[in-house]
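A.B. asks: This is start31.txt, which holds compact mmCIF, C-alpha atoms:
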```txt
# COMPACT_ATOMS: atom_id res chain seq x y z
CA MET A 1 0.00 -32.57 17.37
CA THR A 2 -2.40 -29.91 18.60
CA LYS A 3 -5.97 -30.32 17.34
CA LEU A 4 -6.84 -27.03 15.62
CA LEU A 5 -10.38 -26.30 16.74
CA TYR A 6 -10.57 -22.97 14.90
CA GLN A 7 -10.35 -24.87 11.61
CA LEU A 8 -13.56 -26.70 12.53
CA ASP A 9 -15.44 -23.70 13.96
CA SER A 10 -14.13 -20.15 13.50
CA TYR A 11 -16.79 -18.89 15.95
CA LEU A 12 -15.59 -20.99 18.88
CA LYS A 13 -14.90 -18.44 21.62
CA GLU A 14 -14.22 -20.85 24.50
CA PHE A 15 -12.96 -24.44 24.69
CA GLU A 16 -11.62 -27.01 27.14
CA ALA A 17 -8.29 -28.77 26.73
CA THR A 18 -5.59 -30.66 28.59
CA VAL A 19 -2.06 -29.37 29.16
CA VAL A 20 0.41 -31.65 27.36
CA ARG A 21 3.65 -29.97 28.43
CA VAL A 22 5.11 -26.71 29.66
CA GLU A 23 8.39 -25.23 28.41
CA GLY A 24 9.44 -21.92 29.90
CA ASN A 25 6.55 -19.52 29.37
CA LYS A 26 4.96 -21.74 26.71
CA VAL A 27 1.96 -23.97 27.44
CA TYR A 28 1.10 -26.73 24.98
CA LEU A 29 -2.45 -28.14 24.86
CA ASP A 30 -3.95 -31.18 23.16
CA ALA A 31 -6.41 -28.87 21.37
CA THR A 32 -6.80 -25.13 20.84
CA ALA A 33 -9.04 -22.47 19.32
CA PHE A 34 -6.16 -19.96 19.39
CA HIS A 35 -5.00 -19.21 15.85
CA PRO A 36 -1.19 -18.88 15.87
CA GLY A 37 0.47 -15.92 14.23
CA PRO A 38 1.77 -15.11 11.73
CA SER A 39 0.51 -18.42 10.33
CA GLY A 40 -1.40 -17.86 7.08
CA GLY A 41 -0.66 -14.14 7.25
CA LEU A 42 -2.89 -13.54 10.28
CA ASP A 43 -1.61 -12.03 13.48
CA THR A 44 -1.79 -14.09 16.66
CA ASP A 45 -4.94 -14.61 18.66
CA LYS A 46 -4.83 -13.43 22.25
CA GLY A 47 -6.96 -14.26 25.27
CA TRP A 48 -6.80 -16.26 28.50
CA LEU A 49 -6.35 -19.75 29.90
CA VAL A 50 -8.63 -20.28 32.89
CA LEU A 51 -7.45 -22.63 35.65
CA PRO A 52 -9.79 -24.95 37.61
CA SER A 53 -9.57 -22.42 40.47
CA GLY A 54 -11.04 -19.75 38.18
CA GLU A 55 -7.76 -17.83 37.89
CA ARG A 56 -7.28 -16.35 34.42
CA VAL A 57 -3.79 -16.30 32.90
CA GLU A 58 -3.24 -14.07 29.90
CA VAL A 59 -2.20 -15.63 26.58
CA VAL A 60 -0.04 -12.95 24.98
CA GLN A 61 0.78 -14.91 21.83
CA ALA A 62 0.10 -18.20 20.08
CA VAL A 63 2.95 -19.60 17.98
CA GLU A 64 2.99 -22.47 15.49
CA GLU A 65 5.81 -24.94 16.16
CA GLY A 66 5.69 -27.78 13.68
CA GLY A 67 2.37 -29.51 14.31
CA ASP A 68 1.92 -27.89 17.72
CA VAL A 69 0.63 -24.54 18.94
CA ALA A 70 2.56 -22.95 21.81
CA HIS A 71 0.55 -20.62 24.04
CA VAL A 72 2.89 -17.94 25.36
CA VAL A 73 1.50 -16.94 28.75
CA ALA A 74 2.25 -14.17 31.23
CA ASP A 75 2.89 -16.75 33.99
CA ALA A 76 3.39 -20.46 33.31
CA SER A 77 3.94 -21.49 36.94
CA PRO A 78 0.34 -22.68 37.59
CA PHE A 79 0.38 -25.11 34.63
CA ALA A 80 1.43 -28.77 34.61
CA PRO A 81 0.86 -31.74 32.28
CA GLY A 82 -2.58 -33.30 32.72
CA LEU A 83 -4.24 -30.12 33.99
CA ARG A 84 -7.62 -29.31 32.40
CA VAL A 85 -8.00 -25.67 31.45
CA ARG A 86 -10.55 -23.52 29.66
CA GLY A 87 -9.35 -21.31 26.83
CA VAL A 88 -11.06 -17.98 26.16
CA ILE A 89 -10.41 -16.08 22.94
CA ASP A 90 -10.23 -12.28 22.79
CA TRP A 91 -13.24 -12.31 20.50
CA GLU A 92 -13.28 -8.66 19.42
CA ARG A 93 -9.68 -9.00 18.20
CA ARG A 94 -10.36 -12.31 16.44
CA TYR A 95 -13.58 -11.20 14.76
CA ARG A 96 -11.93 -8.11 13.27
CA MET A 97 -9.27 -10.35 11.73
CA MET A 98 -11.90 -12.77 10.44
CA ARG A 99 -13.68 -9.93 8.63
CA LEU A 100 -10.41 -8.71 7.12
CA HIS A 101 -9.40 -12.25 6.16
CA THR A 102 -12.58 -12.87 4.19
CA ALA A 103 -12.23 -9.43 2.57
CA SER A 104 -8.70 -10.34 1.48
CA HIS A 105 -9.97 -13.50 -0.24
CA VAL A 106 -12.55 -11.55 -2.23
CA LEU A 107 -10.01 -8.89 -3.24
CA ALA A 108 -7.46 -11.54 -4.27
CA ALA A 109 -10.11 -13.36 -6.31
CA VAL A 110 -11.06 -10.19 -8.20
CA LEU A 111 -7.43 -9.36 -9.00
CA TYR A 112 -6.69 -12.95 -10.04
CA ARG A 113 -9.68 -13.01 -12.38
CA ARG A 114 -8.91 -9.61 -13.88
CA TYR A 115 -5.13 -9.81 -14.21
CA GLY A 116 -3.99 -13.28 -13.14
CA ALA A 117 -2.37 -11.50 -10.18
CA LEU A 118 -0.91 -13.74 -7.47
CA VAL A 119 -0.54 -12.77 -3.82
CA THR A 120 3.16 -12.23 -3.04
CA GLY A 121 2.84 -11.25 0.62
CA GLY A 122 0.49 -9.98 3.27
CA HIS A 123 -0.38 -9.63 6.90
CA ILE A 124 -3.64 -9.17 8.79
CA GLN A 125 -3.86 -7.39 12.13
CA PRO A 126 -7.05 -6.47 14.00
CA ASP A 127 -7.08 -2.89 12.71
CA SER A 128 -5.83 -3.29 9.14
CA ALA A 129 -4.53 -5.65 6.49
CA ARG A 130 -1.88 -5.38 3.81
CA ASP A 131 -1.68 -7.48 0.67
CA ASP A 132 1.03 -7.52 -1.99
CA PHE A 133 0.17 -8.53 -5.55
CA ASP A 134 2.18 -9.32 -8.65
CA LEU A 135 0.81 -6.69 -11.03
CA SER A 136 3.99 -6.48 -13.11
CA GLY A 137 2.01 -6.54 -16.36
CA VAL A 138 -0.33 -3.73 -15.33
CA GLU A 139 0.83 -0.20 -16.10
CA ASP A 140 -1.72 1.74 -14.01
CA TRP A 141 -1.60 -0.56 -10.98
CA LYS A 142 -3.11 1.98 -8.59
CA THR A 143 -6.26 2.30 -10.67
CA ALA A 144 -6.36 -1.49 -11.01
CA LEU A 145 -6.29 -1.91 -7.24
CA MET A 146 -8.92 0.75 -6.57
CA GLU A 147 -11.27 -0.67 -9.20
CA ALA A 148 -10.78 -4.14 -7.69
CA VAL A 149 -11.74 -2.76 -4.27
CA GLY A 150 -14.91 -1.27 -5.75
CA GLU A 151 -15.89 -4.60 -7.30
CA SER A 152 -15.00 -6.44 -4.09
CA ASN A 153 -17.29 -4.21 -2.05
CA GLU A 154 -20.17 -4.93 -4.42
CA ILE A 155 -19.53 -8.66 -3.99
CA LEU A 156 -19.44 -8.38 -0.19
CA LYS A 157 -22.87 -6.72 -0.22
CA ARG A 158 -24.43 -9.81 -1.82
CA CYS A 159 -24.43 -11.68 1.52
CA LEU A 160 -22.78 -14.79 0.09
CA GLU A 161 -22.17 -17.84 2.27
CA VAL A 162 -18.54 -18.63 3.07
CA LYS A 163 -18.19 -22.41 2.93
CA VAL A 164 -15.43 -24.40 4.64
CA TYR A 165 -14.73 -28.08 3.85
CA TRP A 166 -11.91 -30.59 3.35
CA LEU A 167 -10.64 -32.31 0.19
CA SER A 168 -7.81 -34.69 -0.56
CA ARG A 169 -4.76 -32.99 -2.04
CA GLU A 170 -5.41 -34.77 -5.36
CA GLU A 171 -9.00 -33.51 -5.54
CA ALA A 172 -8.09 -29.98 -4.43
CA MET A 173 -5.30 -29.50 -6.96
CA LYS A 174 -7.73 -30.21 -9.82
CA ILE A 175 -9.47 -26.91 -9.02
CA PRO A 176 -8.07 -24.00 -11.10
CA GLY A 177 -6.57 -21.22 -8.98
CA ILE A 178 -6.90 -23.16 -5.71
CA VAL A 179 -3.58 -21.72 -4.50
CA LYS A 180 -3.36 -18.01 -5.29
CA LEU A 181 -0.27 -17.49 -3.17
CA ALA A 182 2.92 -17.27 -5.19
CA GLY A 183 4.41 -20.10 -3.08
CA ARG A 184 3.09 -23.58 -3.72
CA LEU A 185 1.15 -25.77 -1.34
CA PRO A 186 3.65 -27.63 0.91
CA PRO A 187 4.22 -31.23 -0.29
CA GLU A 188 3.48 -32.72 3.15
CA VAL A 189 -0.14 -31.49 3.03
CA SER A 190 -2.39 -34.47 2.17
CA GLN A 191 -5.77 -33.05 3.26
CA VAL A 192 -6.60 -29.53 2.11
CA ARG A 193 -8.95 -27.21 3.97
CA VAL A 194 -10.90 -25.32 1.33
CA VAL A 195 -12.63 -21.96 1.81
CA GLU A 196 -15.19 -21.25 -0.91
CA ILE A 197 -17.27 -18.18 -1.65
CA PRO A 198 -19.55 -19.61 -4.36
CA GLY A 199 -19.13 -17.93 -7.72
CA VAL A 200 -16.32 -15.74 -6.40
CA ASP A 201 -13.42 -17.66 -4.92
CA ILE A 202 -12.22 -21.10 -3.91
CA GLN A 203 -8.97 -21.28 -2.02
CA ALA A 204 -6.79 -23.56 0.10
CA ASP A 205 -6.73 -21.87 3.49
CA GLY A 206 -6.25 -22.81 7.14
CA GLY A 207 -7.44 -19.69 8.93
CA PRO A 208 -10.69 -18.41 10.46
CA HIS A 209 -13.33 -16.66 8.32
CA VAL A 210 -16.77 -15.14 8.77
CA ARG A 211 -19.78 -17.22 7.68
CA ASN A 212 -21.26 -14.63 5.33
CA THR A 213 -19.77 -11.80 3.28
CA CYS A 214 -22.32 -9.37 4.76
CA GLU A 215 -20.41 -9.62 8.06
CA VAL A 216 -17.31 -8.07 6.48
CA GLY A 217 -18.69 -4.60 5.89
CA GLU A 218 -16.87 -2.42 3.38
CA ILE A 219 -13.19 -2.39 2.39
CA ALA A 220 -11.68 1.06 2.99
CA VAL A 221 -8.27 1.74 1.43
CA GLU A 222 -5.70 3.42 3.66
CA ARG A 223 -2.77 3.61 1.23
CA LEU A 224 -1.15 2.12 -1.87
CA GLU A 225 2.59 1.49 -2.12
CA SER A 226 5.01 0.03 -4.65
CA LYS A 227 7.51 -2.38 -3.14
CA GLY A 228 8.82 -3.59 -6.49
CA ALA A 229 7.49 -4.92 -9.80
CA LYS A 230 5.90 -7.96 -8.17
CA ARG A 231 4.89 -6.32 -4.89
CA LYS A 232 2.20 -3.70 -5.36
CA ARG A 233 0.86 -3.17 -1.86
CA ILE A 234 -2.59 -2.21 -0.69
CA VAL A 235 -3.25 -1.41 2.98
CA TYR A 236 -6.89 -1.38 4.02
CA THR A 237 -9.37 -1.81 6.83
CA VAL A 238 -13.06 -2.75 6.99
CA ARG A 239 -15.95 -0.63 8.22
CA PRO A 240 -18.21 -0.28 10.01
```
What does the file become when written as structure tokens?
C.D. replies:
Amino acid sequence: MTKLLYQLDSYLKEFEATVVRVEGNKVYLDATAFHPGPSGGLDTDKGWLVLPSGERVEVVQAVEEGGDVAHVVADASPFAPGLRVRGVIDWERRYRMMRLHTASHVLAAVLYRRYGALVTGGHIQPDSARDDFDLSGVEDWKTALMEAVGESNEILKRCLEVKVYWLSREEAMKIPGIVKLAGRLPPEVSQVRVVEIPGVDIQADGGPHVRNTCEVGEIAVERLESKGAKRKRIVYTVRP
């Protein structure tokens, strides 16, 4: 299984790893800081694998395959098992998604507290994010979403620490609202990575986040759409 370095340090921009195997245009490493997409609703990280010669090979996509992460590269011919390489993350792309990811947690927490709304879908790209919520019991759902954005922006301005730690499944499931996604936590998960914004949100989550809510900026709504009774969609970005 690939060691997921981004779960230990979301700010890791470069890392060293050993090639485990190569299949077609996919390179598998023993460890990676590349977050695979669309795992956890985030788009794929991109970047480069640097060979011992200094040659940089573009990573066009990272894909989760069971417990492994496959690095889809532009040219796999220079890679072989046992080769040591240096991974370099496209940091501007990643950091935008980290800001949006933390924003999505705050927004989901506000809507859950106000309406018991669960997340029924979503996707985060570098330029924007979309989240779907079950607001079937809320008549004026557009106003509900806009008011939640206003409250979320006030929370983000407080410069709250974003904590990341691990709990056993048994300990984690004792926390109310730990899984705000409509789907349940997979049964094979025994250790739960927890992302907590004290006083705001505590959530089981495997993706990269910023360290402080002040890094997010401000949520700016792009559009609201109804995709059904249990899928009220908000599309937004963060600025500056």
A.B. asks: With all atoms listed in the file as the basis for distance, which of A:Thr32, A:Gln125, A:Asn212, A:Ser136 is at the shortest distance from A:Val85?
C.D. replies: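 Between A:Thr32, A:Gln125, A:Asn212, A:Ser136, the residue approaching A:Val85 most closely is A:Thr32.
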A.B. asks: Pick from A:Val195, A:Glu151, A:Leu185, A:Thr237: nearest to A:Trp166, with only C-alpha atoms counted?
C.D. replies: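 Nearest candidate to A:Trp166 out of A:Val195, A:Glu151, A:Leu185, A:Thr237: A:Val195.
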A.B. asks: If I take atom CA of A:Gly24 and atom CA of A:Asp45, how far is one from the other in Å, to one decimal?
C.D. replies: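 Going from atom CA of A:Gly24 over to atom CA of A:Asp45, I get 19.7 Å.
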A.B. asks: With distances taken over only C-alpha atoms, which of A:Ser128, A:Gln203, A:Ser152, A:Thr18 is nearest to A:Arg96?
C.D. replies: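 Going through A:Ser128, A:Gln203, A:Ser152, A:Thr18 one by one, the smallest distance to A:Arg96 is for A:Ser128.
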A.B. asks: Would you list the residues near (0.4, -33.2, 4.7) (no more than 12 Å away, in the coordinates of the file, using all atoms listed in the file) as a list in words?
C.D. replies: Gly66, Gly67, Leu167, Ser168, Arg169, Glu170, Leu185, Pro186, Pro187, Glu188, Val189, Ser190, Gln191, Val192 and Arg193 of chain A
A.B. asks: Might you pull out every residue within 10 Å of A:Pro208, with only C-alpha atoms counted and same-chain residues fewer than 3 positions away left off, and present them as a VMD selection string?
C.D. replies: chain A and resid 6 to 11 33 35 40 42 94 to 95 97 to 99 101 to 102 164 195 205 211
A.B. asks: Any idea what's packed within 9 Å of stretch 107-109 of chain A, counting only C-alpha atoms, ignoring anything in its chain fewer than 2 positions away? Could you give it as a list in words?
C.D. replies: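 Non-adjacent residues within range: Thr102, Ala103, Ser104, His105, Leu111, Tyr112, Arg113, Arg114, Ala117, Leu118, Val119, Asp131, Phe133, Leu145, Ala148, Val149, Glu151, Ser152, Asn153, Lys180, Val200, Asp201 and Ile202 of chain A.
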A.B. asks: My structure is short of atoms at stretch 47-79 of chain A; please model N, CA and C atoms there, returning them as a PDB file, in the coordinates of the input.
C.D. replies:
```
ATOM      1  N   GLY A  47      -5.849 -13.890  24.405  1.00  0.00           N
ATOM      2  CA  GLY A  47      -6.960 -14.260  25.270  1.00  0.00           C
ATOM      3  C   GLY A  47      -6.474 -14.736  26.614  1.00  0.00           C
ATOM      4  N   TRP A  48      -7.105 -15.798  27.148  1.00  0.00           N
ATOM      5  CA  TRP A  48      -6.800 -16.260  28.500  1.00  0.00           C
ATOM      6  C   TRP A  48      -6.921 -17.780  28.584  1.00  0.00           C
ATOM      7  N   LEU A  49      -6.145 -18.372  29.464  1.00  0.00           N
ATOM      8  CA  LEU A  49      -6.350 -19.750  29.900  1.00  0.00           C
ATOM      9  C   LEU A  49      -6.852 -19.690  31.327  1.00  0.00           C
ATOM     10  N   VAL A  50      -7.986 -20.336  31.573  1.00  0.00           N
ATOM     11  CA  VAL A  50      -8.630 -20.280  32.890  1.00  0.00           C
ATOM     12  C   VAL A  50      -8.350 -21.589  33.629  1.00  0.00           C
ATOM     13  N   LEU A  51      -7.784 -21.471  34.817  1.00  0.00           N
ATOM     14  CA  LEU A  51      -7.450 -22.630  35.650  1.00  0.00           C
ATOM     15  C   LEU A  51      -8.692 -23.162  36.361  1.00  0.00           C
ATOM     16  N   PRO A  52      -8.640 -24.402  36.867  1.00  0.00           N
ATOM     17  CA  PRO A  52      -9.790 -24.950  37.610  1.00  0.00           C
ATOM     18  C   PRO A  52     -10.206 -24.071  38.792  1.00  0.00           C
ATOM     19  N   SER A  53      -9.267 -23.323  39.354  1.00  0.00           N
ATOM     20  CA  SER A  53      -9.570 -22.420  40.470  1.00  0.00           C
ATOM     21  C   SER A  53     -10.344 -21.189  40.031  1.00  0.00           C
ATOM     22  N   GLY A  54     -10.402 -20.953  38.705  1.00  0.00           N
ATOM     23  CA  GLY A  54     -11.040 -19.750  38.180  1.00  0.00           C
ATOM     24  C   GLY A  54     -10.058 -18.657  37.835  1.00  0.00           C
ATOM     25  N   GLU A  55      -8.789 -18.834  38.206  1.00  0.00           N
ATOM     26  CA  GLU A  55      -7.760 -17.830  37.890  1.00  0.00           C
ATOM     27  C   GLU A  55      -7.554 -17.775  36.376  1.00  0.00           C
ATOM     28  N   ARG A  56      -7.486 -16.558  35.849  1.00  0.00           N
ATOM     29  CA  ARG A  56      -7.280 -16.350  34.420  1.00  0.00           C
ATOM     30  C   ARG A  56      -5.836 -15.923  34.169  1.00  0.00           C
ATOM     31  N   VAL A  57      -5.163 -16.632  33.272  1.00  0.00           N
ATOM     32  CA  VAL A  57      -3.790 -16.300  32.900  1.00  0.00           C
ATOM     33  C   VAL A  57      -3.793 -15.820  31.455  1.00  0.00           C
ATOM     34  N   GLU A  58      -3.211 -14.665  31.221  1.00  0.00           N
ATOM     35  CA  GLU A  58      -3.240 -14.070  29.900  1.00  0.00           C
ATOM     36  C   GLU A  58      -2.387 -14.847  28.897  1.00  0.00           C
ATOM     37  N   VAL A  59      -2.947 -15.086  27.718  1.00  0.00           N
ATOM     38  CA  VAL A  59      -2.200 -15.630  26.580  1.00  0.00           C
ATOM     39  C   VAL A  59      -1.797 -14.438  25.716  1.00  0.00           C
ATOM     40  N   VAL A  60      -0.509 -14.143  25.699  1.00  0.00           N
ATOM     41  CA  VAL A  60      -0.040 -12.950  24.980  1.00  0.00           C
ATOM     42  C   VAL A  60       0.278 -13.241  23.527  1.00  0.00           C
ATOM     43  N   GLN A  61       0.448 -14.536  23.202  1.00  0.00           N
ATOM     44  CA  GLN A  61       0.780 -14.910  21.830  1.00  0.00           C
ATOM     45  C   GLN A  61       0.568 -16.407  21.656  1.00  0.00           C
ATOM     46  N   ALA A  62       0.145 -16.793  20.458  1.00  0.00           N
ATOM     47  CA  ALA A  62       0.100 -18.200  20.080  1.00  0.00           C
ATOM     48  C   ALA A  62       1.048 -18.378  18.899  1.00  0.00           C
ATOM     49  N   VAL A  63       1.906 -19.413  18.979  1.00  0.00           N
ATOM     50  CA  VAL A  63       2.950 -19.600  17.980  1.00  0.00           C
ATOM     51  C   VAL A  63       2.889 -21.016  17.438  1.00  0.00           C
ATOM     52  N   GLU A  64       2.963 -21.154  16.116  1.00  0.00           N
ATOM     53  CA  GLU A  64       2.990 -22.470  15.490  1.00  0.00           C
ATOM     54  C   GLU A  64       4.404 -23.042  15.572  1.00  0.00           C
ATOM     55  N   GLU A  65       4.519 -24.259  16.075  1.00  0.00           N
ATOM     56  CA  GLU A  65       5.810 -24.940  16.160  1.00  0.00           C
ATOM     57  C   GLU A  65       5.653 -26.347  15.614  1.00  0.00           C
ATOM     58  N   GLY A  66       5.922 -26.495  14.330  1.00  0.00           N
ATOM     59  CA  GLY A  66       5.690 -27.780  13.680  1.00  0.00           C
ATOM     60  C   GLY A  66       4.206 -28.068  13.662  1.00  0.00           C
ATOM     61  N   GLY A  67       3.790 -29.189  14.251  1.00  0.00           N
ATOM     62  CA  GLY A  67       2.370 -29.510  14.310  1.00  0.00           C
ATOM     63  C   GLY A  67       1.714 -29.067  15.599  1.00  0.00           C
ATOM     64  N   ASP A  68       2.448 -28.334  16.433  1.00  0.00           N
ATOM     65  CA  ASP A  68       1.920 -27.890  17.720  1.00  0.00           C
ATOM     66  C   ASP A  68       1.670 -26.384  17.730  1.00  0.00           C
ATOM     67  N   VAL A  69       0.838 -25.958  18.678  1.00  0.00           N
ATOM     68  CA  VAL A  69       0.630 -24.540  18.940  1.00  0.00           C
ATOM     69  C   VAL A  69       1.102 -24.261  20.365  1.00  0.00           C
ATOM     70  N   ALA A  70       2.071 -23.362  20.489  1.00  0.00           N
ATOM     71  CA  ALA A  70       2.560 -22.950  21.810  1.00  0.00           C
ATOM     72  C   ALA A  70       1.798 -21.718  22.253  1.00  0.00           C
ATOM     73  N   HIS A  71       1.254 -21.758  23.469  1.00  0.00           N
ATOM     74  CA  HIS A  71       0.550 -20.620  24.040  1.00  0.00           C
ATOM     75  C   HIS A  71       1.520 -19.890  24.973  1.00  0.00           C
ATOM     76  N   VAL A  72       1.963 -18.731  24.546  1.00  0.00           N
ATOM     77  CA  VAL A  72       2.890 -17.940  25.360  1.00  0.00           C
ATOM     78  C   VAL A  72       2.071 -17.192  26.400  1.00  0.00           C
ATOM     79  N   VAL A  73       2.332 -17.492  27.674  1.00  0.00           N
ATOM     80  CA  VAL A  73       1.500 -16.940  28.750  1.00  0.00           C
ATOM     81  C   VAL A  73       2.316 -15.994  29.631  1.00  0.00           C
ATOM     82  N   ALA A  74       1.593 -15.138  30.339  1.00  0.00           N
ATOM     83  CA  ALA A  74       2.250 -14.170  31.230  1.00  0.00           C
ATOM     84  C   ALA A  74       2.914 -14.877  32.409  1.00  0.00           C
ATOM     85  N   ASP A  75       2.335 -16.012  32.852  1.00  0.00           N
ATOM     86  CA  ASP A  75       2.890 -16.750  33.990  1.00  0.00           C
ATOM     87  C   ASP A  75       2.567 -18.229  33.808  1.00  0.00           C
ATOM     88  N   ALA A  76       3.597 -19.039  33.567  1.00  0.00           N
ATOM     89  CA  ALA A  76       3.390 -20.460  33.310  1.00  0.00           C
ATOM     90  C   ALA A  76       3.442 -21.311  34.573  1.00  0.00           C
ATOM     91  N   SER A  77       3.730 -20.714  35.711  1.00  0.00           N
ATOM     92  CA  SER A  77       3.940 -21.490  36.940  1.00  0.00           C
ATOM     93  C   SER A  77       2.727 -22.305  37.392  1.00  0.00           C
ATOM     94  N   PRO A  78       1.475 -21.873  37.124  1.00  0.00           N
ATOM     95  CA  PRO A  78       0.340 -22.680  37.590  1.00  0.00           C
ATOM     96  C   PRO A  78       0.047 -23.909  36.730  1.00  0.00           C
ATOM     97  N   PHE A  79       0.725 -24.060  35.591  1.00  0.00           N
ATOM     98  CA  PHE A  79       0.380 -25.110  34.630  1.00  0.00           C
ATOM     99  C   PHE A  79       1.279 -26.331  34.791  1.00  0.00           C
TER     100      PHE A  79
END
```
